[in-house]
Amino acid sequence: PGKGHVYVSPSIWYSSHWVYTQCPKGGYESGRKYDQVKQQYEPRTRQDSHGKTHFVHYVFQVRVRPGSYRTQGNTFVDREYWGDGNAAMSGEYGNRQVPYDFNFGTHELEWLIADSSDVRITGLMFRQSTVEPKQEVRDLFTANKARWAQRRDKLTRDGEGAGEFNCF
């Protein structure tokens, strides 16, 4: 979409992905495209009194005017962003077959809002973790892939057909 679109997600898990919660090295520059900075993210960290590294994630909580957005699916197709680091899964949608958040369908994880006045910030959420952000995503993918396979196998075994496995 065009300049000025706001991207949000109903999923706190998706919104807290390291791509969205870290700043590009050198900060943001006017006119610099996302594709030019996406490989250059650096995590925000702090050291505790024992020398252990803590990674900090920040996410805005927002309200969106009903009807002012359109949805699109999980755009993390690269296994670096959503995967276990191994070869992508087979099939047209690859790793997107595995749900990112079981509370939402993969097809509705991203909301696009054309007018920023349709978005209101209502809170700031942050968390810290001792797990490196990219490893945290790989661990989530591995857990969700196993959970998804169990549900898929149960649906197939119970005769409910293939369906859309990522919308439970």
# chains A, B, ... in the order shown; residues from 1 in each chain; ligands from 1
$ residues_around --residues "Asn103 of chain A" --least-positions-apart "3" --cutoff "12 Å" --atoms "only C-alpha atoms" --output "compact mmCIF listing (two decimals) with N, CA and C atoms, in the first residue's frame"
# COMPACT_ATOMS: atom_id res chain seq x y z
N SER A 9 -1.90 -5.25 14.48
CA SER A 9 -2.34 -6.64 14.54
C SER A 9 -3.18 -6.85 15.79
N PRO A 10 -4.20 -7.70 15.70
CA PRO A 10 -4.97 -8.02 16.90
C PRO A 10 -4.19 -8.95 17.84
N SER A 11 -3.09 -9.49 17.38
CA SER A 11 -2.30 -10.45 18.15
C SER A 11 -1.11 -9.79 18.82
N ILE A 12 -1.05 -9.88 20.14
CA ILE A 12 0.11 -9.35 20.87
C ILE A 12 1.37 -10.14 20.51
N TRP A 13 1.22 -11.43 20.24
CA TRP A 13 2.38 -12.24 19.85
C TRP A 13 2.95 -11.75 18.53
N TYR A 14 2.08 -11.51 17.56
CA TYR A 14 2.52 -11.06 16.24
C TYR A 14 3.11 -9.65 16.35
N PRO A 99 0.16 -21.69 12.36
CA PRO A 99 -0.40 -20.49 12.98
C PRO A 99 0.63 -19.74 13.83
N TYR A 100 0.56 -18.43 13.77
CA TYR A 100 1.41 -17.62 14.63
C TYR A 100 0.78 -17.48 16.00
N THR A 106 -4.56 -17.13 10.49
CA THR A 106 -3.38 -16.60 9.81
C THR A 106 -3.75 -15.54 8.78
N HIS A 107 -4.95 -15.63 8.23
CA HIS A 107 -5.39 -14.68 7.21
C HIS A 107 -5.80 -13.32 7.78
N GLU A 108 -5.82 -13.15 9.10
CA GLU A 108 -6.28 -11.89 9.69
C GLU A 108 -5.26 -11.27 10.65
N LEU A 109 -4.00 -11.63 10.52
CA LEU A 109 -2.99 -11.17 11.48
C LEU A 109 -2.55 -9.72 11.28
N ASN A 144 4.29 -24.16 17.99
CA ASN A 144 3.04 -24.01 17.24
C ASN A 144 2.93 -25.01 16.10
N ASN A 166 -5.33 -23.39 10.47
CA ASN A 166 -4.77 -22.35 11.31
C ASN A 166 -5.82 -21.39 11.86
N CYS A 167 -7.07 -21.73 11.83
CA CYS A 167 -8.12 -20.85 12.35
C CYS A 167 -8.93 -21.54 13.42
N PHE A 168 -8.34 -21.79 14.56
CA PHE A 168 -9.04 -22.46 15.65
C PHE A 168 -9.46 -21.49 16.70
$ atom_distance --atom1 "atom CA of Gly51 of chain A" --atom2 "atom CA of Ser129 of chain A"
14.0 Å
$ atom_distance --atom1 "atom CA of His57 of chain A" --atom2 "atom CA of Thr21 of chain A"
5.5 Å
$ atom_distance --atom1 "atom CA of Pro66 of chain A" --atom2 "atom CA of Val19 of chain A"
26.3 Å
$ closest_residue --among "A:Trp111, A:Tyr81, A:Tyr58, A:Tyr20" --to "Glu136 of chain A" --atoms "only C-alpha atoms"
A:Tyr81
$ closest_residue --among "A:Phe126, A:Arg46, A:Asp101, A:Asp115" --to "Gly67 of chain A" --atoms "only C-alpha atoms"
A:Asp115
